[in-house]
Amino acid sequence: MLNPIERSNQLPFLQPPMKPVLKHIFLLKREYAQLPFFDFLRDERIPARDRLAFFPCMASFIMSFGDLNRLVLREEPTEDPYLKMINAHTYEDDHHWPWYLEDYAKLGHDGTRQAPGETLRFLYSDATIQNRLLAHRLAHLIWGAEPVVRLAIIEAIEETGNVLFELTSRIASQYQKDTGVELRYCGEFHFNLESGHAMNSDHAELALIALDDAQRRDALERVDKVYAWFTAWTHELLAFARAAKPQAEVA
Ligand SMILES: [Fe+2]
Ligand SMILES: [Fe+2]
């Protein structure tokens with residue numbers, strides 16, 4: 001069977017139709033990077049540790065992201081060339097949550113002694129609604145889309161991650177200077193892996209994948225939703241970080 005690129009190359013007279021979808025993703029990415037949460041992360045007047053105060057708030061989404069890869073995106077066995085690409089991607093992205101838990105401990109959150117029920121109460125509290133909702137929304141969005149459109153959804157998700165991790169890796173290096181502690185989820189370790197992903201390392205290849213008009217429209221609509229929902233997510237993270245007590249006061 002021809003792979004998606006070979007199949008597209010058999011139609012050289014057609015405009016490669018994933019390209020406008022990718023352009024749209026990058027346009028939205030530029031707007032996304034200007035959100036107040038990212039201004040907060042860029043604000044070097046705020047100590048690195050305090051800029052990372054949003055970290056516990058995103059627990060449910062980050063833990064769910066492994067499941068989104070293993071249980072929602074991955075469909076095996078398959079002969080569909082796009083699902084094969086997606087499956088390969090899920091194996092790169094389904095095991096990052098242990099690094100989140102590692103940083104969670106390194107940032108001192110494991111030191112908080114509370115009953116397990118209190119932890120559950122927090123995870124399901126109003127302070128983390130957008131985090132829980134985001135995982136449900138993305139699952140719904142993915143299940144409702146055909147495989148080629150799912151590629152666009154994944155690319156949009158990856159680009160939101162690129163904005164976040166580029167900034168957290170800068171904060172993590174400052175944190176390492178301040179404390180000597182290396183944060184792997186927030187830091188370069190994770191950012192470099194994310195930047196090298198099969199799905200987002202070769203945009204030229206992705207741009208050549210063929211979409212018909214209806215698929216392109218659907219992909220554009222779903223990409224808009226990805227950004228709208230991640231935008232709501234950033235507002236929740238920022239509100240949480242601002243409400244958190246500066247660590248200097250806690251110590
Ligand atoms: Fe990741
Ligand atoms: Fe990723």
# chains A, B, ... in the order shown; residues from 1 in each chain; ligands from 1
>>> residues_near_ligand(ligand="ligand 2", cutoff="8 Å", atoms="only C-alpha atoms and all ligand atoms", output="PyMOL selection string")
chain A and resi 89+92-93+157-158+161+193-195+197
>>> write_last_selection(atoms="C-alpha atoms", output="PDB file, in the first residue's frame")
ATOM      1  CA  HIS A  89       3.205   9.044  17.518  1.00  0.00           C
ATOM      2  CA  GLU A  92       6.414   8.660  21.678  1.00  0.00           C
ATOM      3  CA  ASP A  93       3.903  10.622  23.714  1.00  0.00           C
ATOM      4  CA  ILE A 157      -2.105  19.889  20.308  1.00  0.00           C
ATOM      5  CA  GLU A 158       1.638  19.521  19.760  1.00  0.00           C
ATOM      6  CA  GLY A 161       2.693  22.065  23.931  1.00  0.00           C
ATOM      7  CA  LEU A 193      11.960  15.117  22.914  1.00  0.00           C
ATOM      8  CA  GLU A 194       8.784  17.015  22.013  1.00  0.00           C
ATOM      9  CA  SER A 195      10.623  19.026  19.361  1.00  0.00           C
ATOM     10  CA  HIS A 197       8.484  14.153  17.459  1.00  0.00           C
TER      11      HIS A 197
END
>>> residues_around(residues="Phe54 (chain A)", least_positions_apart="3", cutoff="6 Å", atoms="only C-alpha atoms", output="ChimeraX atom specification")
/A:57,237,240-241
>>> write_last_selection(atoms="N, CA and C atoms", output="PDB file, in the first residue's frame")
ATOM      1  N   CYS A  57      -1.981  22.268  39.381  1.00  0.00           N
ATOM      2  CA  CYS A  57      -3.298  22.461  38.767  1.00  0.00           C
ATOM      3  C   CYS A  57      -3.477  21.595  37.524  1.00  0.00           C
ATOM      4  N   LEU A 237      -4.878  27.779  34.597  1.00  0.00           N
ATOM      5  CA  LEU A 237      -3.531  27.621  35.160  1.00  0.00           C
ATOM      6  C   LEU A 237      -3.018  28.943  35.727  1.00  0.00           C
ATOM      7  N   PHE A 240      -4.749  29.817  38.975  1.00  0.00           N
ATOM      8  CA  PHE A 240      -4.224  28.971  40.050  1.00  0.00           C
ATOM      9  C   PHE A 240      -2.857  29.475  40.515  1.00  0.00           C
ATOM     10  N   ALA A 241      -1.991  29.790  39.544  1.00  0.00           N
ATOM     11  CA  ALA A 241      -0.644  30.264  39.896  1.00  0.00           C
ATOM     12  C   ALA A 241      -0.729  31.571  40.681  1.00  0.00           C
TER      13      ALA A 241
END
>>> closest_atom_pairs(of="chain A", to="ligand 1", cutoff="12 Å", atoms="only C-alpha atoms and all ligand atoms", output="tab-separated table")
residue	atom	partner	partner_atom_place_in_ligand_line	distance
A:Phe61	CA	ligand 1	1 (Fe)	11.7
A:Ile62	CA	ligand 1	1 (Fe)	8.6
A:Met63	CA	ligand 1	1 (Fe)	10.7
A:Ser64	CA	ligand 1	1 (Fe)	11.7
A:Phe65	CA	ligand 1	1 (Fe)	8.4
A:Gly66	CA	ligand 1	1 (Fe)	8.8
A:Leu68	CA	ligand 1	1 (Fe)	11.9
A:Asn69	CA	ligand 1	1 (Fe)	10.6
A:His89	CA	ligand 1	1 (Fe)	10.9
A:Thr90	CA	ligand 1	1 (Fe)	10.3
A:Tyr91	CA	ligand 1	1 (Fe)	10.9
A:Glu92	CA	ligand 1	1 (Fe)	8.1
A:Asp93	CA	ligand 1	1 (Fe)	5.5
A:Asp94	CA	ligand 1	1 (Fe)	7.7
A:His95	CA	ligand 1	1 (Fe)	7.7
A:His96	CA	ligand 1	1 (Fe)	5.1
A:Trp97	CA	ligand 1	1 (Fe)	7.6
A:Pro98	CA	ligand 1	1 (Fe)	10.3
A:Trp99	CA	ligand 1	1 (Fe)	9.0
A:Tyr100	CA	ligand 1	1 (Fe)	9.2
A:Ile157	CA	ligand 1	1 (Fe)	10.5
A:Glu158	CA	ligand 1	1 (Fe)	8.6
A:Glu159	CA	ligand 1	1 (Fe)	11.3
A:Thr160	CA	ligand 1	1 (Fe)	11.1
A:Gly161	CA	ligand 1	1 (Fe)	7.6
A:Asn162	CA	ligand 1	1 (Fe)	9.4
A:Leu164	CA	ligand 1	1 (Fe)	10.7
A:Phe165	CA	ligand 1	1 (Fe)	8.8
A:Glu166	CA	ligand 1	1 (Fe)	12.0
A:Arg184	CA	ligand 1	1 (Fe)	10.7
A:Tyr185	CA	ligand 1	1 (Fe)	7.8
A:Cys186	CA	ligand 1	1 (Fe)	9.7
A:Gly187	CA	ligand 1	1 (Fe)	11.1
A:Glu188	CA	ligand 1	1 (Fe)	11.4
A:Phe189	CA	ligand 1	1 (Fe)	10.1
A:His190	CA	ligand 1	1 (Fe)	6.4
A:Phe191	CA	ligand 1	1 (Fe)	7.7
A:Asn192	CA	ligand 1	1 (Fe)	9.8
A:Leu193	CA	ligand 1	1 (Fe)	7.6
A:Glu194	CA	ligand 1	1 (Fe)	5.9
A:Ser195	CA	ligand 1	1 (Fe)	9.6
A:Gly196	CA	ligand 1	1 (Fe)	10.9
A:His197	CA	ligand 1	1 (Fe)	9.5
>>> select_by_dssp(residues="region 19-224 of chain A", states="helix (DSSP H, G or I)", output="ChimeraX atom specification")
/A:19-32,36-42,48-51,55-73,81-93,97-106,109-111,116-123,126-143,147-179,188-195,198-201,203-207,213-224
>>> closest_residue(among="A:Ala172, A:Ala156, A:Val163, A:Leu220", to="Tyr32 (chain A)", atoms="only C-alpha atoms")
A:Val163
>>> residues_around(residues="His140 (chain A)", least_positions_apart="4", cutoff="12 Å", atoms="only C-alpha atoms", output="ChimeraX atom specification")
/A:68,72-73,133-136,144-145,150,153,222,225-226
>>> closest_residue(among="A:Arg74, A:Lys106, A:Lys29, A:Arg51", to="Gly180 (chain A)", atoms="only C-alpha atoms")
A:Lys106
>>> residues_around(residues="region 43-49 of chain A", least_positions_apart="2", cutoff="9 Å", atoms="only C-alpha atoms", output="number ranges by chain")
A: 38-41, 51-53, 107, 171-175, 178, 246-247
>>> closest_residue(among="A:Leu167, A:Leu22, A:Val223, A:Ala152", to="Ile86 (chain A)", atoms="only C-alpha atoms")
A:Ala152
>>> decode(residues="region 24-71 of chain A", atoms="N, CA and C atoms", output="PDB file, in the first residue's frame")
ATOM      1  N   HIS A  24      -2.936  27.604   9.222  1.00  0.00           N
ATOM      2  CA  HIS A  24      -3.931  28.031  10.207  1.00  0.00           C
ATOM      3  C   HIS A  24      -3.456  27.689  11.625  1.00  0.00           C
ATOM      4  N   ILE A  25      -2.917  26.493  11.783  1.00  0.00           N
ATOM      5  CA  ILE A  25      -2.407  26.076  13.101  1.00  0.00           C
ATOM      6  C   ILE A  25      -1.314  27.045  13.570  1.00  0.00           C
ATOM      7  N   PHE A  26      -0.439  27.447  12.665  1.00  0.00           N
ATOM      8  CA  PHE A  26       0.662  28.328  13.079  1.00  0.00           C
ATOM      9  C   PHE A  26       0.206  29.759  13.337  1.00  0.00           C
ATOM     10  N   LEU A  27      -0.842  30.165  12.625  1.00  0.00           N
ATOM     11  CA  LEU A  27      -1.443  31.475  12.907  1.00  0.00           C
ATOM     12  C   LEU A  27      -2.036  31.492  14.319  1.00  0.00           C
ATOM     13  N   LEU A  28      -2.795  30.451  14.629  1.00  0.00           N
ATOM     14  CA  LEU A  28      -3.404  30.357  15.959  1.00  0.00           C
ATOM     15  C   LEU A  28      -2.339  30.190  17.040  1.00  0.00           C
ATOM     16  N   LYS A  29      -1.271  29.507  16.691  1.00  0.00           N
ATOM     17  CA  LYS A  29      -0.186  29.321  17.665  1.00  0.00           C
ATOM     18  C   LYS A  29       0.420  30.672  18.060  1.00  0.00           C
ATOM     19  N   ARG A  30       0.579  31.549  17.073  1.00  0.00           N
ATOM     20  CA  ARG A  30       1.142  32.867  17.362  1.00  0.00           C
ATOM     21  C   ARG A  30       0.236  33.641  18.323  1.00  0.00           C
ATOM     22  N   GLU A  31      -1.075  33.560  18.093  1.00  0.00           N
ATOM     23  CA  GLU A  31      -2.017  34.225  19.013  1.00  0.00           C
ATOM     24  C   GLU A  31      -1.982  33.569  20.391  1.00  0.00           C
ATOM     25  N   TYR A  32      -1.936  32.248  20.397  1.00  0.00           N
ATOM     26  CA  TYR A  32      -1.930  31.484  21.655  1.00  0.00           C
ATOM     27  C   TYR A  32      -0.739  31.898  22.528  1.00  0.00           C
ATOM     28  N   ALA A  33       0.414  32.093  21.882  1.00  0.00           N
ATOM     29  CA  ALA A  33       1.636  32.436  22.622  1.00  0.00           C
ATOM     30  C   ALA A  33       1.545  33.798  23.303  1.00  0.00           C
ATOM     31  N   GLN A  34       0.546  34.616  22.893  1.00  0.00           N
ATOM     32  CA  GLN A  34       0.395  35.952  23.483  1.00  0.00           C
ATOM     33  C   GLN A  34      -0.563  35.969  24.672  1.00  0.00           C
ATOM     34  N   LEU A  35      -1.084  34.828  25.059  1.00  0.00           N
ATOM     35  CA  LEU A  35      -2.057  34.798  26.166  1.00  0.00           C
ATOM     36  C   LEU A  35      -1.397  35.217  27.483  1.00  0.00           C
ATOM     37  N   PRO A  36      -2.211  35.763  28.408  1.00  0.00           N
ATOM     38  CA  PRO A  36      -1.643  36.267  29.669  1.00  0.00           C
ATOM     39  C   PRO A  36      -0.845  35.223  30.453  1.00  0.00           C
ATOM     40  N   PHE A  37      -1.263  33.970  30.380  1.00  0.00           N
ATOM     41  CA  PHE A  37      -0.518  32.921  31.098  1.00  0.00           C
ATOM     42  C   PHE A  37       0.940  32.867  30.632  1.00  0.00           C
ATOM     43  N   PHE A  38       1.137  32.993  29.321  1.00  0.00           N
ATOM     44  CA  PHE A  38       2.504  32.899  28.805  1.00  0.00           C
ATOM     45  C   PHE A  38       3.297  34.174  29.109  1.00  0.00           C
ATOM     46  N   ASP A  39       2.603  35.319  29.181  1.00  0.00           N
ATOM     47  CA  ASP A  39       3.282  36.538  29.646  1.00  0.00           C
ATOM     48  C   ASP A  39       3.767  36.349  31.080  1.00  0.00           C
ATOM     49  N   PHE A  40       2.921  35.709  31.879  1.00  0.00           N
ATOM     50  CA  PHE A  40       3.289  35.411  33.267  1.00  0.00           C
ATOM     51  C   PHE A  40       4.541  34.520  33.308  1.00  0.00           C
ATOM     52  N   LEU A  41       4.564  33.496  32.457  1.00  0.00           N
ATOM     53  CA  LEU A  41       5.721  32.587  32.441  1.00  0.00           C
ATOM     54  C   LEU A  41       6.993  33.293  31.961  1.00  0.00           C
ATOM     55  N   ARG A  42       6.798  34.328  31.138  1.00  0.00           N
ATOM     56  CA  ARG A  42       7.969  35.067  30.619  1.00  0.00           C
ATOM     57  C   ARG A  42       8.480  36.118  31.604  1.00  0.00           C
ATOM     58  N   ASP A  43       7.702  36.414  32.632  1.00  0.00           N
ATOM     59  CA  ASP A  43       8.008  37.548  33.512  1.00  0.00           C
ATOM     60  C   ASP A  43       9.158  37.202  34.469  1.00  0.00           C
ATOM     61  N   GLU A  44      10.348  37.644  34.112  1.00  0.00           N
ATOM     62  CA  GLU A  44      11.533  37.258  34.889  1.00  0.00           C
ATOM     63  C   GLU A  44      11.625  37.967  36.236  1.00  0.00           C
ATOM     64  N   ARG A  45      10.710  38.920  36.464  1.00  0.00           N
ATOM     65  CA  ARG A  45      10.686  39.547  37.804  1.00  0.00           C
ATOM     66  C   ARG A  45      10.111  38.580  38.840  1.00  0.00           C
ATOM     67  N   ILE A  46       9.368  37.583  38.354  1.00  0.00           N
ATOM     68  CA  ILE A  46       8.764  36.594  39.264  1.00  0.00           C
ATOM     69  C   ILE A  46       9.742  35.429  39.409  1.00  0.00           C
ATOM     70  N   PRO A  47      10.046  35.004  40.658  1.00  0.00           N
ATOM     71  CA  PRO A  47      10.979  33.891  40.822  1.00  0.00           C
ATOM     72  C   PRO A  47      10.519  32.644  40.059  1.00  0.00           C
ATOM     73  N   ALA A  48      11.504  31.882  39.569  1.00  0.00           N
ATOM     74  CA  ALA A  48      11.189  30.693  38.760  1.00  0.00           C
ATOM     75  C   ALA A  48      10.201  29.784  39.481  1.00  0.00           C
ATOM     76  N   ARG A  49      10.424  29.565  40.749  1.00  0.00           N
ATOM     77  CA  ARG A  49       9.578  28.652  41.518  1.00  0.00           C
ATOM     78  C   ARG A  49       8.116  29.130  41.529  1.00  0.00           C
ATOM     79  N   ASP A  50       7.933  30.440  41.615  1.00  0.00           N
ATOM     80  CA  ASP A  50       6.565  30.977  41.653  1.00  0.00           C
ATOM     81  C   ASP A  50       5.907  30.953  40.277  1.00  0.00           C
ATOM     82  N   ARG A  51       6.722  31.085  39.230  1.00  0.00           N
ATOM     83  CA  ARG A  51       6.135  30.964  37.883  1.00  0.00           C
ATOM     84  C   ARG A  51       5.668  29.534  37.619  1.00  0.00           C
ATOM     85  N   LEU A  52       6.241  28.595  38.353  1.00  0.00           N
ATOM     86  CA  LEU A  52       5.822  27.194  38.194  1.00  0.00           C
ATOM     87  C   LEU A  52       4.712  26.805  39.171  1.00  0.00           C
ATOM     88  N   ALA A  53       4.117  27.801  39.821  1.00  0.00           N
ATOM     89  CA  ALA A  53       3.098  27.500  40.837  1.00  0.00           C
ATOM     90  C   ALA A  53       1.830  26.889  40.239  1.00  0.00           C
ATOM     91  N   PHE A  54       1.682  26.970  38.917  1.00  0.00           N
ATOM     92  CA  PHE A  54       0.508  26.362  38.265  1.00  0.00           C
ATOM     93  C   PHE A  54       0.610  24.837  38.220  1.00  0.00           C
ATOM     94  N   PHE A  55       1.793  24.303  38.538  1.00  0.00           N
ATOM     95  CA  PHE A  55       2.105  22.903  38.248  1.00  0.00           C
ATOM     96  C   PHE A  55       1.074  21.895  38.798  1.00  0.00           C
ATOM     97  N   PRO A  56       0.675  21.997  40.068  1.00  0.00           N
ATOM     98  CA  PRO A  56      -0.287  20.997  40.576  1.00  0.00           C
ATOM     99  C   PRO A  56      -1.640  21.075  39.877  1.00  0.00           C
ATOM    100  N   CYS A  57      -1.981  22.268  39.381  1.00  0.00           N
ATOM    101  CA  CYS A  57      -3.298  22.461  38.767  1.00  0.00           C
ATOM    102  C   CYS A  57      -3.477  21.595  37.524  1.00  0.00           C
ATOM    103  N   MET A  58      -2.395  21.318  36.814  1.00  0.00           N
ATOM    104  CA  MET A  58      -2.567  20.597  35.554  1.00  0.00           C
ATOM    105  C   MET A  58      -2.441  19.081  35.693  1.00  0.00           C
ATOM    106  N   ALA A  59      -2.413  18.608  36.948  1.00  0.00           N
ATOM    107  CA  ALA A  59      -2.197  17.171  37.180  1.00  0.00           C
ATOM    108  C   ALA A  59      -3.157  16.294  36.376  1.00  0.00           C
ATOM    109  N   SER A  60      -4.445  16.570  36.471  1.00  0.00           N
ATOM    110  CA  SER A  60      -5.390  15.632  35.847  1.00  0.00           C
ATOM    111  C   SER A  60      -5.217  15.606  34.334  1.00  0.00           C
ATOM    112  N   PHE A  61      -4.962  16.758  33.737  1.00  0.00           N
ATOM    113  CA  PHE A  61      -4.807  16.745  32.283  1.00  0.00           C
ATOM    114  C   PHE A  61      -3.518  16.031  31.867  1.00  0.00           C
ATOM    115  N   ILE A  62      -2.436  16.311  32.557  1.00  0.00           N
ATOM    116  CA  ILE A  62      -1.161  15.680  32.172  1.00  0.00           C
ATOM    117  C   ILE A  62      -1.230  14.167  32.358  1.00  0.00           C
ATOM    118  N   MET A  63      -1.861  13.716  33.463  1.00  0.00           N
ATOM    119  CA  MET A  63      -2.000  12.270  33.661  1.00  0.00           C
ATOM    120  C   MET A  63      -2.927  11.679  32.592  1.00  0.00           C
ATOM    121  N   SER A  64      -3.967  12.418  32.236  1.00  0.00           N
ATOM    122  CA  SER A  64      -4.898  11.927  31.206  1.00  0.00           C
ATOM    123  C   SER A  64      -4.261  11.897  29.822  1.00  0.00           C
ATOM    124  N   PHE A  65      -3.253  12.722  29.618  1.00  0.00           N
ATOM    125  CA  PHE A  65      -2.661  12.802  28.287  1.00  0.00           C
ATOM    126  C   PHE A  65      -2.025  11.467  27.871  1.00  0.00           C
ATOM    127  N   GLY A  66      -1.484  10.751  28.844  1.00  0.00           N
ATOM    128  CA  GLY A  66      -0.985   9.405  28.544  1.00  0.00           C
ATOM    129  C   GLY A  66      -2.130   8.518  28.055  1.00  0.00           C
ATOM    130  N   ASP A  67      -3.268   8.611  28.735  1.00  0.00           N
ATOM    131  CA  ASP A  67      -4.437   7.808  28.338  1.00  0.00           C
ATOM    132  C   ASP A  67      -4.989   8.245  26.984  1.00  0.00           C
ATOM    133  N   LEU A  68      -4.968   9.528  26.717  1.00  0.00           N
ATOM    134  CA  LEU A  68      -5.434   9.988  25.397  1.00  0.00           C
ATOM    135  C   LEU A  68      -4.610   9.320  24.296  1.00  0.00           C
ATOM    136  N   ASN A  69      -3.333   9.172  24.543  1.00  0.00           N
ATOM    137  CA  ASN A  69      -2.481   8.519  23.552  1.00  0.00           C
ATOM    138  C   ASN A  69      -2.725   7.008  23.484  1.00  0.00           C
ATOM    139  N   ARG A  70      -2.742   6.375  24.642  1.00  0.00           N
ATOM    140  CA  ARG A  70      -2.854   4.902  24.668  1.00  0.00           C
ATOM    141  C   ARG A  70      -4.243   4.410  24.312  1.00  0.00           C
ATOM    142  N   LEU A  71      -5.254   5.132  24.825  1.00  0.00           N
ATOM    143  CA  LEU A  71      -6.608   4.574  24.786  1.00  0.00           C
ATOM    144  C   LEU A  71      -7.539   5.270  23.800  1.00  0.00           C
TER     145      LEU A  71
END
